[in-house]
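Please read the structure below before turning to the comments.
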Amino acid sequence: MWAELAVTTAKVVVVALAMVTTVPIMVWVERRGAAFIQDRLGPNRVGPLGLFQPVIDVVKLIFKEDVTPAAANKGLYYLAPLISLGVAMVTFIVIPFGAGHDVSLFGVPLRGLIVAPDLNVGVLYLLAIGSLSVYGIVLAGWSSNNKYSLLGGLRSSAQLISYELAMTLAVLGVLMATGSLHLSDVVARQSGAVWHWNAVTQVIGFAVFLVAAFAETNRLPFDLAEAETELVAGYHVEYSSMKFACFFMAEYLNMATASALTVTLFFGGGTLPGVTLTGWLGLFVSTAVFVAKMCFFLWLFVWVRWSLPRFRYDQLMQLGWKGLLPLATLNLVWVGIAMTMGWLR
Amino acid sequence: MAKGNGDAERVEEVLGERLGRGIIAVGRPQPDTLLVTIEPGTVLAATQALLDDLGARFLVSVGTDRRPISGDFAVTHLFSLDQSHLYVVLECPVASENPEIDSITPLIPGAAWSEREIRDVVGVSTRGHPDPRRLLLPDDWPEGVYPLRRDFPYNERPPAAEGTRPAWVPTPEGASVVTLGPFFPVLEEPSNWRLFVEGETVVGCDYRGFYNHRGVEKLGDSVMTYNEIPYLAERICGICGFIHSTCYCQAVERAAGIEVPRRARYIRTMMLELERIHSHLLWLGIAGHILGFDTVLMQTWRIREPVMWLAEVITGNRKSYGMNTIGGVRRDVTEVTKARILEVLGPVEKESLAVRDAVVGDTTLHMRTKNVGILENAWARQVCVVGPPARGSGVRIDARIDHPYAAYDEVVPRLCAHDEGDIWARVLVRIEELLDSIRLVREAAAGLPDGPIVAEITEEIPSGRIGVSTVEAPRGEAVHYVLTGGDNRPWRWRVRAPTYPNLQAMPAMAAGGNIADIPITLGSLDPCFSCTERMETVDVRSRNVRVYSPAELLAMSRRSGRPGGGS
């Protein structure tokens with residue numbers, strides 16, 4: 001019992017730290033990546049290649065004055081950034097980072113580094129918790145008592161509701177094919193060969209999921225909720241210092257979660273086609289593979305952000321309801337037919 | 001430019017028929033300028049005749065305090081007959097007691113700001129003006145103090161007044177207000193837009209601007225001299241300053257009858273087109289930034305930079321070239337610099353073409369700009385919009401072609417126009433102009449004639465002459481009007497920047513759009529607030545500007561967000 005508790009605690013600490021560490025790294029990657037795409041230098045003064053820039057940024061944010069608008073709804077105003085960050089911090093506990101189900105520590109099976117007990121509703125948990133993040137944004141928009149914030153919050157809620165639907169339908173295709181809500185089963189099913197990956201067998205579903213994931217993370221081209229040039233900074237216009245940093249961290253954590261989820265659901269998780277390793281080696285290799293795949297999607301987030309202009313609110317809604325939703329449904333039909341005909345393993 | 005002759009006679013004839021004895025005098029200060037002095041009571045009839053029978057386009061109205069000379073005020077309406085290459089100056093003397101004149105705004109919506117400005121600065125009020133609110137005086141400027149009257153010293157500081165702030169247009173029922181400004185991320189300069197919205201749909205807007213008064217015109221007619229003003233004029237705008245100094249110099253040269261050497265005209269043409277190249281690249285970047293496409297911003301500004309360096313090679317300055325002087329230019333373009341120009345233009349053209357292909361092929365940009373911010377052709381004409389916004393709405397005007405100046409009679413620009421009237425059309429117009437400007441610089445460099453670069457001026461500039469000059473700035477047509485005076489300085493110098501008429505078209509373009517469309521719609525005008533607001537009052541140390549200590553500012557920022565305090 002104690003061993004189990006210790007191992008779980010260790011897993012929580014390791015995974016949480018790893019996820020949180022992606023934030024400064026991604027901030028650096030984003031800034032250097034943007035500079036690379038835009039043919040400029042980017043931060044290069046603090047440390048080699050500007051690597052310590054995020055550290056300086058954090059120090060700066062901590063020492064910024066924390067301003068609270070006098071007319072804000074105080075309770076909700078303080079709660080909003082916590083919801084955003086909190087939700088971002090708890091979503092990844094059901095993701096199987098590695099394979100190696102045969103590995104155990106002090107007699108406790110590690111189960112591919114899944115933090116939580118392997119929930120038999122893992123996917124549902126993810127979708128349910130993920131959609132809570134909108135509360136952070138809506139409450140921030142409402143409680144700031146600022147019109148730009150409010151518009152940002154409203155846009156965000158409309159956006160999340162619309163895209164949640166398409167996203168869930170896309171995930172449904174994966175679940176139909178797998179026949180289980182266990183994320184480790186989803187991964188196991190995709191092992192063996194690249195054409196077993198859901199990204200290959202359900203191309204449409206994958207595309208829908210990816211677009212919806214971009215929309216869920218509120219990043220360009222879907223950053224309508226903050227839209228600097230229209231709404232100043234949208235829902236977090238009245239936030240400063242660490243309260244702003246909470247939103248900032250949440251955005252990057254959401255990116256990491258969305259990448260991890262895409263890898264798990266569509267890119268075979270930690271499996272490497274043609275390679276079957278067991279034991280500790282298997283665990284390490286599969287975790288490394290998982291991280292590598294995740295890095296690709298994280299880079300994709302950065303890449304897309306600097307290569308596309310922002311959509312307009314109504315255009316985003318149209319894309320969601322008239323574009324993605326029918327496509328996701330089409331994907332379900334395809335999976336159904338493929339399963340009936342026995343084309344899917 | 002004797003082309004206008006026959007048409008000038010026709011204008012005289014038509015006005016003669018319509019006004020009869022309303023015409024006091026007719027003059028021809030320059031072959032392409034017709035000066036008609038009329039009884040103020042006939043101003044509406046004259047305007048109607050110019051619009052209906054002659055197809056004239058309104059440029060700007062100027063209010064002049066002539067009391068020390070002739071004991072009256074003058075309200076001067078400037079018109080352009082683009083097809084005939086002719087300016088028509090309609091001058092109405094206004095008696096100094098209870099100065100008032102009929103408003104022409106009901107006939108020409110685009111005259112609204114000019115007439116409000118006349119009321120503000122010289123105190124000639126306009127009868128029947130649909131919106132007689134204060135336009136450009138500060139909110140606490142006392143009523144009855146008119147800064148451009150001759151008896152108002154340039155350094156006078158009137159006491160702060162209460163309750164003189166102009167009212168906002170009432171909010172339509174059921175709509176709420178979202179303000180953009182006075183400071184807003186996409187606006188490089190202060191400008192206050194009050195949007196009336198229903199949800200995210202904009203149903204109307206109101207504007208309060210002119211936060212950038214720097215007293216340029218007042219300084220021009222009270223402190224500085226003819227040959228100092230070019231350096232002041234080019235500081236009107238931080239991007240296209242050269243057009244203002246050129247336009248001012250041309251107005252004085254025309255008024256005084258100074259013939260500018262060909263070589264100087266060619267050099268001016270080159271500089272004007274270089275300015276257009278870097279200005280359009282700058283605009284393209286800002287448009288990208290507004291749409292959340294910062295990569296376009298970074299790339300275009302990188303392409304733009306060598307053009308700035310080139311300006312430094314030619315003139316010694318990246319900006320505010322200090323090149324123009326009455327009668328020509330101050331620095332020559334040597335063979336070495338000419339080679340350098342051609343060398344720099346090669347990569348600029350290549351990269352501009354690459355950007356054009358990237359922008360034109362981007363479907364998301366099409367979604368954001370096509371059928372957005374539409375300016376109908378008819379309304380564009382009525383509000384007298386100029387420059388790329390006009391040409392994007394199918395109004396085929398270009399000062400370089402309509403009133404050829406500098407060397408544009410020999411280096412002929414292409415008129416780039418589109419008929420759609422949306423933001424995309426304005427984008428295309430600017431990209432085409434950018435590429436055409438590169439061609440023009442090359443042609444001007446190739447055809448650069450030998451000779452002096454500045455005319456020798458031996459005689460004093462006579463007083464009481466008028467000079468009207470237009471220059472096609474990157475943002476549209478700029479108009480400078482000069483009435484020469486004594487003391488080696490103009491009696492009146494009026495600057496009309498291209499953004500001045502263009503901003504007046506904004507309410508029509510904004511209505512029906514989405515909040516998200518407003519920044520790019522405004523951006524598509526390429527607004528330049530410092531140009532528009534050159535104007536005429538008071539230095540910054542006046543009582544109207546309080547200096548806040550950091551602690552006070554901090555306290556104020558903490559208080560912001562108090563209930564009922566703004567958005």
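As shown in the structure tokens, the chain order sets the letters A, B, ...; within each chain, residues go from 1, and ligands are also counted from 1 in the order they appear.
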With 6 Å as the cut-off and only C-alpha atoms counted, what is the closest atom pair between each nearby residue of chain A and chain B? Distances in Å to one decimal, ordered by chain and number, as CSV.
```
residue,atom,partner,partner_atom,distance
A:Gln38,CA,B:Thr295,CA,5.3
A:Pro69,CA,B:Gly561,CA,5.3
A:Ala70,CA,B:Arg562,CA,5.4
A:Ala71,CA,B:Arg562,CA,5.2
A:Asn146,CA,B:Ser567,CA,5.5
A:Lys147,CA,B:Ser567,CA,5.7
A:Thr229,CA,B:Val186,CA,5.4
A:Glu230,CA,B:Ala516,CA,5.7
A:Trp306,CA,B:Thr295,CA,6.0
A:Leu308,CA,B:Phe293,CA,5.9
A:Pro309,CA,B:Phe293,CA,4.3
A:Arg310,CA,B:Gly292,CA,5.0
```
Next on the checklist: Residues of region 352-523 of chain B classed as strand (DSSP E) by DSSP on the backbone are to be reported as a list in words.
Outcome noted: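 So, restricting region 352-523 of chain B to strand (DSSP E), we get Ile466, Gly467, Val468, Ser469, Thr470, Val471, Glu472, Ala473, Gly476, Glu477, Ala478, Val479, His480, Tyr481, Val482, Leu483, Thr484, Pro490, Trp491, Arg492, Trp493, Arg494, Val495 and Arg496 of chain B.
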Go ahead and dump the residues you just picked, N, CA, C and O atoms, as a compact mmCIF listing (two decimals), in the first residue's frame.
```
# COMPACT_ATOMS: atom_id res chain seq x y z
N ILE B 466 -1.98 83.15 -54.92
CA ILE B 466 -2.35 81.83 -54.39
C ILE B 466 -1.67 80.73 -55.20
O ILE B 466 -1.38 80.89 -56.39
N GLY B 467 -1.38 79.65 -54.54
CA GLY B 467 -0.83 78.48 -55.21
C GLY B 467 -1.50 77.24 -54.66
O GLY B 467 -1.59 77.05 -53.45
N VAL B 468 -2.03 76.42 -55.57
CA VAL B 468 -2.65 75.15 -55.16
C VAL B 468 -1.78 74.04 -55.72
O VAL B 468 -1.39 74.10 -56.89
N SER B 469 -1.49 73.08 -54.89
CA SER B 469 -0.65 71.98 -55.37
C SER B 469 -1.16 70.67 -54.81
O SER B 469 -1.58 70.60 -53.66
N THR B 470 -1.16 69.64 -55.62
CA THR B 470 -1.52 68.31 -55.12
C THR B 470 -0.36 67.36 -55.40
O THR B 470 0.33 67.50 -56.40
N VAL B 471 -0.19 66.43 -54.50
CA VAL B 471 0.82 65.39 -54.66
C VAL B 471 0.17 64.08 -54.29
O VAL B 471 -0.57 63.99 -53.31
N GLU B 472 0.41 63.05 -55.11
CA GLU B 472 -0.15 61.74 -54.80
C GLU B 472 0.74 61.05 -53.78
O GLU B 472 1.79 60.49 -54.12
N ALA B 473 0.35 61.14 -52.52
CA ALA B 473 1.09 60.47 -51.46
C ALA B 473 0.77 58.98 -51.51
O ALA B 473 -0.21 58.58 -52.15
N GLY B 476 -2.73 58.65 -50.65
CA GLY B 476 -3.71 59.37 -51.45
C GLY B 476 -3.23 60.76 -51.72
O GLY B 476 -2.08 61.10 -51.42
N GLU B 477 -4.16 61.56 -52.22
CA GLU B 477 -3.74 62.87 -52.71
C GLU B 477 -3.66 63.88 -51.57
O GLU B 477 -4.61 64.06 -50.83
N ALA B 478 -2.51 64.53 -51.44
CA ALA B 478 -2.34 65.61 -50.46
C ALA B 478 -2.52 66.93 -51.18
O ALA B 478 -2.13 67.06 -52.34
N VAL B 479 -3.15 67.88 -50.50
CA VAL B 479 -3.38 69.19 -51.10
C VAL B 479 -2.73 70.25 -50.22
O VAL B 479 -2.92 70.25 -49.00
N HIS B 480 -1.94 71.10 -50.81
CA HIS B 480 -1.43 72.26 -50.08
C HIS B 480 -1.91 73.52 -50.79
O HIS B 480 -1.84 73.61 -52.01
N TYR B 481 -2.39 74.46 -49.99
CA TYR B 481 -2.86 75.73 -50.52
C TYR B 481 -2.05 76.82 -49.85
O TYR B 481 -1.92 76.83 -48.62
N VAL B 482 -1.45 77.68 -50.64
CA VAL B 482 -0.65 78.76 -50.07
C VAL B 482 -1.17 80.09 -50.58
O VAL B 482 -1.40 80.25 -51.78
N LEU B 483 -1.39 81.01 -49.64
CA LEU B 483 -1.68 82.39 -50.00
C LEU B 483 -0.47 83.18 -49.53
O LEU B 483 -0.17 83.21 -48.34
N THR B 484 0.26 83.77 -50.48
CA THR B 484 1.51 84.41 -50.08
C THR B 484 1.23 85.69 -49.32
O THR B 484 0.21 86.35 -49.51
N PRO B 490 4.16 82.78 -45.79
CA PRO B 490 2.79 82.75 -46.32
C PRO B 490 1.82 83.46 -45.38
O PRO B 490 2.01 83.47 -44.16
N TRP B 491 0.77 84.01 -45.97
CA TRP B 491 -0.32 84.56 -45.17
C TRP B 491 -1.16 83.42 -44.63
O TRP B 491 -1.61 83.44 -43.48
N ARG B 492 -1.38 82.44 -45.47
CA ARG B 492 -2.16 81.28 -45.06
C ARG B 492 -1.58 80.07 -45.78
O ARG B 492 -1.32 80.11 -46.98
N TRP B 493 -1.39 79.02 -45.01
CA TRP B 493 -0.90 77.76 -45.58
C TRP B 493 -1.82 76.67 -45.07
O TRP B 493 -1.95 76.47 -43.88
N ARG B 494 -2.53 76.02 -45.97
CA ARG B 494 -3.47 74.99 -45.57
C ARG B 494 -2.97 73.66 -46.10
O ARG B 494 -2.64 73.54 -47.28
N VAL B 495 -2.92 72.68 -45.20
CA VAL B 495 -2.48 71.35 -45.57
C VAL B 495 -3.67 70.41 -45.47
O VAL B 495 -4.33 70.37 -44.44
N ARG B 496 -3.95 69.70 -46.55
CA ARG B 496 -4.96 68.65 -46.40
C ARG B 496 -4.30 67.32 -46.72
O ARG B 496 -3.92 67.05 -47.85
```
Next on the checklist: Can you tell me which residues surround region 209-211 of chain A at a distance of at most 9 Å, considering only C-alpha atoms, apart from same-chain residues fewer than 2 positions away, and format the answer as a ChimeraX atom specification?
Outcome noted: /A:163,166-171,204-207,213-216,258,262,324,328
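Distance-wise, CA of Pro170 (chain B) and CA of Asp131 (chain B) end up 12.7 Å apart.
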Next on the checklist: Give me, as a PyMOL selection string, all polymer residues having an atom no more than 12 Å from Ser320 (chain B), counting only C-alpha atoms and skipping those fewer than 4 positions away in the same chain.
Outcome noted: chain B and resi 230-246+271+275+308+311-312+315-316+324
Please produce an output containing N, CA and C atoms for each residue in the selection, written as a short mmCIF file (atom, residue, chain, number, x, y, z; two decimals), in the first residue's frame.
```cif
data_model
loop_
_atom_site.label_atom_id
_atom_site.label_comp_id
_atom_site.auth_asym_id
_atom_site.auth_seq_id
_atom_site.Cartn_x
_atom_site.Cartn_y
_atom_site.Cartn_z
N PRO B 230 9.63 74.03 -45.60
CA PRO B 230 9.75 72.65 -46.10
C PRO B 230 10.19 71.66 -45.03
N TYR B 231 11.07 72.10 -44.12
CA TYR B 231 11.54 71.16 -43.09
C TYR B 231 10.48 70.92 -42.03
N LEU B 232 9.65 71.91 -41.82
CA LEU B 232 8.51 71.71 -40.91
C LEU B 232 7.48 70.82 -41.60
N ALA B 233 7.26 71.08 -42.89
CA ALA B 233 6.23 70.35 -43.63
C ALA B 233 6.54 68.87 -43.65
N GLU B 234 7.82 68.52 -43.81
CA GLU B 234 8.08 67.08 -43.92
C GLU B 234 7.99 66.39 -42.57
N ARG B 235 7.90 67.18 -41.52
CA ARG B 235 7.69 66.57 -40.20
C ARG B 235 6.20 66.42 -39.88
N ILE B 236 5.36 66.80 -40.83
CA ILE B 236 3.93 66.56 -40.64
C ILE B 236 3.70 65.06 -40.55
N CYS B 237 4.40 64.31 -41.37
CA CYS B 237 4.17 62.86 -41.41
C CYS B 237 5.47 62.13 -41.15
N GLY B 238 5.37 61.07 -40.36
CA GLY B 238 6.55 60.29 -40.04
C GLY B 238 6.91 59.28 -41.11
N ILE B 239 6.05 59.08 -42.08
CA ILE B 239 6.35 58.08 -43.10
C ILE B 239 6.50 58.74 -44.46
N CYS B 240 5.50 59.55 -44.83
CA CYS B 240 5.59 60.14 -46.16
C CYS B 240 5.81 61.65 -46.03
N GLY B 241 6.83 62.06 -45.31
CA GLY B 241 7.10 63.48 -45.12
C GLY B 241 7.50 64.18 -46.40
N PHE B 242 8.19 63.46 -47.28
CA PHE B 242 8.68 64.12 -48.49
C PHE B 242 7.55 64.66 -49.35
N ILE B 243 6.41 63.99 -49.34
CA ILE B 243 5.30 64.48 -50.16
C ILE B 243 4.83 65.83 -49.64
N HIS B 244 4.88 66.03 -48.33
CA HIS B 244 4.39 67.31 -47.80
C HIS B 244 5.35 68.44 -48.15
N SER B 245 6.67 68.19 -48.03
CA SER B 245 7.58 69.27 -48.38
C SER B 245 7.51 69.54 -49.88
N THR B 246 7.37 68.48 -50.68
CA THR B 246 7.25 68.68 -52.13
C THR B 246 5.99 69.49 -52.44
N MET B 271 12.54 60.43 -55.38
CA MET B 271 12.34 60.36 -53.94
C MET B 271 10.89 60.06 -53.59
N GLU B 275 9.64 56.75 -51.61
CA GLU B 275 8.82 56.87 -50.42
C GLU B 275 7.57 56.00 -50.53
N MET B 308 15.11 52.19 -46.98
CA MET B 308 15.40 53.26 -46.01
C MET B 308 16.89 53.61 -46.06
N ALA B 311 17.60 55.71 -48.96
CA ALA B 311 17.24 57.11 -48.73
C ALA B 311 18.36 57.80 -47.96
N GLU B 312 18.97 57.06 -47.05
CA GLU B 312 20.07 57.64 -46.28
C GLU B 312 21.27 57.92 -47.17
N THR B 315 20.16 61.05 -49.31
CA THR B 315 19.85 62.34 -48.67
C THR B 315 20.60 62.56 -47.36
N GLY B 316 21.15 61.50 -46.79
CA GLY B 316 21.79 61.64 -45.48
C GLY B 316 20.86 61.25 -44.35
N ASN B 324 14.09 69.05 -50.00
CA ASN B 324 13.36 70.04 -50.78
C ASN B 324 13.67 71.45 -50.33
#
```
Checklist entry - From the set A:Ser307, A:Thr329, A:Ser131, A:Ser156, which residue has the shortest atom-to-atom contact distance to Val87 (chain A), counting only C-alpha atoms? => result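 Smallest distance to Val87 (chain A) is found for A:Ser131.
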Checklist entry - Do you know which residues are at most 8 Å from region 231-235 of chain A counting only C-alpha atoms, after dropping those on the same chain fewer than 5 positions away, and could you put them as a PyMOL selection string? => result (chain A and resi 137-138+140-141+144+148-153+224-226) or (chain B and resi 184-185)
Checklist entry - Per DSSP on the backbone, what are the helix (DSSP H, G or I) residues of region 233-343 of chain B, as an MDAnalysis selection string? => result chainID B and resid 233 241:256 262:290 294:315 335:343
Next on the checklist: What does the structure give for the distance between CA of Asp53 (chain B) and CA of Glu100 (chain B), in Å to one decimal?
Outcome noted: 26.6 Å
